[in-house]
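Have a look at the structure below, then the notes.
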Amino acid sequence: MSVKAISLFSGGLDSMLAVKLLQDQGIVVEGLTFTTPFFDARKAEAAAARIRIPLRIEDITTEHLRMMKAPRYGFGKHMNPCIDCHTLMLHLAGRIMDETAADFIFTGEVLGQRPMSQTRQSLHIVARNSGYGEYVLRPLSARLLPESRPEREGKVDRQRLLALQGRGRKTQMEMAGAYGIKHYPPPAGGCLLTDPIFSRRLKDLFERHPDPDRRDMELLKHGRHFRIAAAAKAIVGRNEKDNLALQSLIRENDAVLKMADFPGPLVLIPGGGSEEEVREAARLCVLYSDAPKDAEAAVQVTSSGRPYVMAVRSADPVEASQRILR
């Protein structure tokens, strides 16, 4: 009977090589990748197609947001709770392993490649806290780590696994050549939670809205964000792409502004705002438009379902820069 394994598949070179190592032992592999507002499956989809493995894609937004509210091991340099995130992913992968009668889970992690989330202790904590610790195999560093259950049971030949560690990638690149893998993405990247600007916006959102939803997260990806009041934020489109993205995310109770007579941005106050807050957003709309900055300009406003026109002068660039969530 064939041995089956679930690959926690990021689409990076290491995850592709881990798949190849186990396929060399005749193990049947299915890829598994997750999506949230902070990362998607595009890299994994491209890589899975390249090495010809089936890929299962699961949206884990609800579970991930719940974890983000109070990560047990805290955040990294920005808003990235890497240890808790990896734990969650392994736990969910373990449940799928149970559902599909697979034999174990494996990842492309390399001991010591990342200073926080891939230390010996971190790898142990993640596997243990997932609830599936003895079923977790890391083929690229397996011979440097404690023996896993599939190795003990003879489902995987430990001697045919590797003992890689550290941040160097020479061995992996040589292996890629031997396997005929010519195209692979650069290491890391792809998670918005490691981006400093996105992280500051997310932190600001969490501080003011303890129960944000997916739309709130999607808005963080677009435009310039200005804190115009303790409970109000204006989002100003930077270009046509931003304007279209913001347009697609509008809800009925939002305040929406755009220039009446000049090219300019779409401006959004999520959840609407007071008359003064709408005026502040209108001044930002003028600032980032083609309207003259030394005279009043007309701004079209829709607020509380009511359309009207407001005449305002441009916001002061220096004052505006002090409010932007960089």
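Identifiers in this document derive from the order of the structure tokens: chains are assigned A, B, ..., residues are numbered from 1 separately in each chain, and ligands are numbered from 1 in order of occurrence.
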
task = Considering only C-alpha atoms, return as an NGL selection string whatever protein or nucleic-acid residues lie within 12 Å of range 24-31 of chain A, sequence-local ones (same chain, fewer than 2 positions apart) excluded.
result = :A and (1-11 or 15-22 or 33-34 or 41 or 44-49 or 51-58 or 93 or 96-97 or 100-108 or 139 or 150 or 154-161 or 179)

task = Would you kindly return, as a PyMOL selection string, each protein, DNA or RNA residue with an atom no farther than 10 Å from any atom of Gln165 in chain A, considering only C-alpha atoms and excluding same-chain residues fewer than 4 positions away?
result = chain A and resi 109-114+118-119+140-141+144+169

query = Hey, which of A:Gly272, A:Pro187, A:Lys43, A:Leu65 ends up closest to Gly168 in chain A? Count only C-alpha atoms.
reply =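 Once distances to Gly168 in chain A are computed over only C-alpha atoms, the minimum belongs to A:Pro187.
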
task = Please identify which residues in range 175-269 of chain A DSSP calls alpha helix (DSSP H) from the backbone, and express them as a PyMOL selection string.
result = chain A and resi 175-179+196-208+214-219+240-248

inquiry  = as an MDAnalysis selection string, please: the residues near Pro115 in chain A (cut-off 12 Å, only C-alpha atoms, same-chain neighbours under 4 positions excluded).
reply    = chainID A and resid 76:77 82:83 110:111 119:123 165:167

For C-alpha atoms, I'd like the residues from the last selection saved as a PDB file, in the first residue's frame.
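Saved the output as again_35.pdb:
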```pdb
ATOM      1  CA  GLY A  76       8.326  39.380  14.971  1.00  0.00           C
ATOM      2  CA  LYS A  77       9.901  42.617  13.759  1.00  0.00           C
ATOM      3  CA  CYS A  82       5.489  33.475  12.550  1.00  0.00           C
ATOM      4  CA  ILE A  83       5.658  30.804  15.244  1.00  0.00           C
ATOM      5  CA  VAL A 110      15.678  24.238   6.956  1.00  0.00           C
ATOM      6  CA  LEU A 111      17.189  24.343  10.438  1.00  0.00           C
ATOM      7  CA  THR A 119      15.746  27.529  15.242  1.00  0.00           C
ATOM      8  CA  ARG A 120      15.827  24.058  16.760  1.00  0.00           C
ATOM      9  CA  GLN A 121      13.632  25.237  19.633  1.00  0.00           C
ATOM     10  CA  SER A 122      11.141  27.011  17.360  1.00  0.00           C
ATOM     11  CA  LEU A 123      10.752  24.000  15.092  1.00  0.00           C
ATOM     12  CA  GLN A 165      21.255  23.953   8.105  1.00  0.00           C
ATOM     13  CA  GLY A 166      21.970  27.658   7.908  1.00  0.00           C
ATOM     14  CA  ARG A 167      21.102  30.353   5.409  1.00  0.00           C
TER      15      ARG A 167
END
```

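Within range 86-258 of chain A, the backbone-based DSSP assignment of strand (DSSP E or B) covers Phe104, Ile105, Phe106, Leu111, Val136, Leu137, Gln165, Arg224, His225, Phe226, Arg227, Ile228, Ala229, Ala232, Lys233, Ala234, Ile235, Val236, Ala255, Val256, Leu257 and Lys258 of chain A.
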
For the residues in that selection, give me C-alpha atoms as an mmCIF file, in the first residue's frame.
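Saved result, part_28.cif, follows:
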```cif
data_model
loop_
_atom_site.group_PDB
_atom_site.id
_atom_site.type_symbol
_atom_site.label_atom_id
_atom_site.label_comp_id
_atom_site.auth_asym_id
_atom_site.auth_seq_id
_atom_site.Cartn_x
_atom_site.Cartn_y
_atom_site.Cartn_z
ATOM 1 C CA PHE A 104 2.344 12.267 7.737
ATOM 2 C CA ILE A 105 2.933 15.982 7.070
ATOM 3 C CA PHE A 106 6.155 17.535 5.833
ATOM 4 C CA LEU A 111 17.189 24.343 10.438
ATOM 5 C CA VAL A 136 5.818 16.320 11.203
ATOM 6 C CA LEU A 137 8.833 15.641 8.966
ATOM 7 C CA GLN A 165 21.255 23.953 8.105
ATOM 8 C CA ARG A 224 -2.638 56.367 1.308
ATOM 9 C CA HIS A 225 -4.130 56.019 4.792
ATOM 10 C CA PHE A 226 -4.683 59.096 6.971
ATOM 11 C CA ARG A 227 -5.846 59.097 10.579
ATOM 12 C CA ILE A 228 -8.194 62.124 10.490
ATOM 13 C CA ALA A 229 -9.785 61.441 13.892
ATOM 14 C CA ALA A 232 -12.058 57.879 11.490
ATOM 15 C CA LYS A 233 -9.616 57.190 8.687
ATOM 16 C CA ALA A 234 -9.489 58.537 5.127
ATOM 17 C CA ILE A 235 -8.057 56.349 2.376
ATOM 18 C CA VAL A 236 -6.856 58.252 -0.692
ATOM 19 C CA ALA A 255 -18.384 58.213 2.907
ATOM 20 C CA VAL A 256 -17.084 58.451 -0.670
ATOM 21 C CA LEU A 257 -15.479 61.537 -2.197
ATOM 22 C CA LYS A 258 -14.102 62.536 -5.590
#
```

key: Nearby residues (only C-alpha atoms) at most 7 Å from range 261-265 of chain A, same-chain spacing under 2 positions excluded, as a list in words   = Val236, Gly237, Arg238, Asn239, Asn243, Lys258, Met259, Val267, Cys285, Tyr288, Ser289, Asp290, Ala291 and Ala298 of chain A

task = Please measure the separation of CA of Glu319 in chain A and CA of Arg279 in chain A, giving the value in Å to one decimal.
result =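 Distance reported for this atom pair: 14.7 Å.
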
ask   = Expressed in Å to a single decimal, how great is the separation between CA of Asp204 in chain A and CA of Leu220 in chain A?
value =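 Distance reported for this atom pair: 10.3 Å.
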
message = Here is a test: counting only C-alpha atoms, which residue of A:Ala245, A:Ile324, A:Ala281, A:Leu202 is nearest to Ser303 in chain A?
response = A:Ala281

task = Do a neighbour search on Glu134 in chain A at 9 Å with only C-alpha atoms, toss out local chain neighbours closer than 4 positions, and write the hits as an MDAnalysis selection string.
result = chainID A and resid 104 127:128 147:150

Would you save the residues of that selection, restricted to C-alpha atoms, as a PDB file, in the first residue's frame?
```pdb
ATOM      1  CA  PHE A 104       2.344  12.267   7.737  1.00  0.00           C
ATOM      2  CA  ALA A 127       5.418  20.848  15.830  1.00  0.00           C
ATOM      3  CA  ARG A 128       4.489  20.126  19.448  1.00  0.00           C
ATOM      4  CA  GLU A 147      13.401  11.014  14.450  1.00  0.00           C
ATOM      5  CA  SER A 148       9.765  11.406  13.447  1.00  0.00           C
ATOM      6  CA  ARG A 149       7.106   8.690  13.596  1.00  0.00           C
ATOM      7  CA  PRO A 150       7.083   7.985   9.821  1.00  0.00           C
TER       8      PRO A 150
END
```

query = Interatomic distance between CA of His209 in chain A and CA of Leu246 in chain A?
reply =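 For CA of His209 in chain A relative to CA of Leu246 in chain A, the distance reads 19.5 Å.
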
message = Residues within 8 Å of Thr194 in chain A, please, as a VMD selection string. Count only C-alpha atoms; anything in the same chain fewer than 5 positions from it doesn't count.
response = chain A and resid 77 to 80 189 199

Just-selected residues, C-alpha atoms written as a PDB file, in the first residue's frame:
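File again-v6.pdb, as written:
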```pdb
ATOM      1  CA  LYS A  77       9.901  42.617  13.759  1.00  0.00           C
ATOM      2  CA  HIS A  78       6.565  43.773  12.361  1.00  0.00           C
ATOM      3  CA  MET A  79       3.069  42.217  12.646  1.00  0.00           C
ATOM      4  CA  ASN A  80       4.253  38.731  11.727  1.00  0.00           C
ATOM      5  CA  GLY A 189       8.681  37.444   0.722  1.00  0.00           C
ATOM      6  CA  SER A 199       2.107  46.330   9.527  1.00  0.00           C
TER       7      SER A 199
END
```

remark   = The residue from A:Ala260, A:Cys85, A:Ala315, A:Ala320 with the smallest atom-to-atom distance to Ile60 in chain A, counting only C-alpha atoms, is A:Cys85

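Considering only C-alpha atoms, the residue among A:Val301, A:Ala163, A:Leu219, A:Val309 positioned nearest to Pro270 in chain A is A:Leu219.
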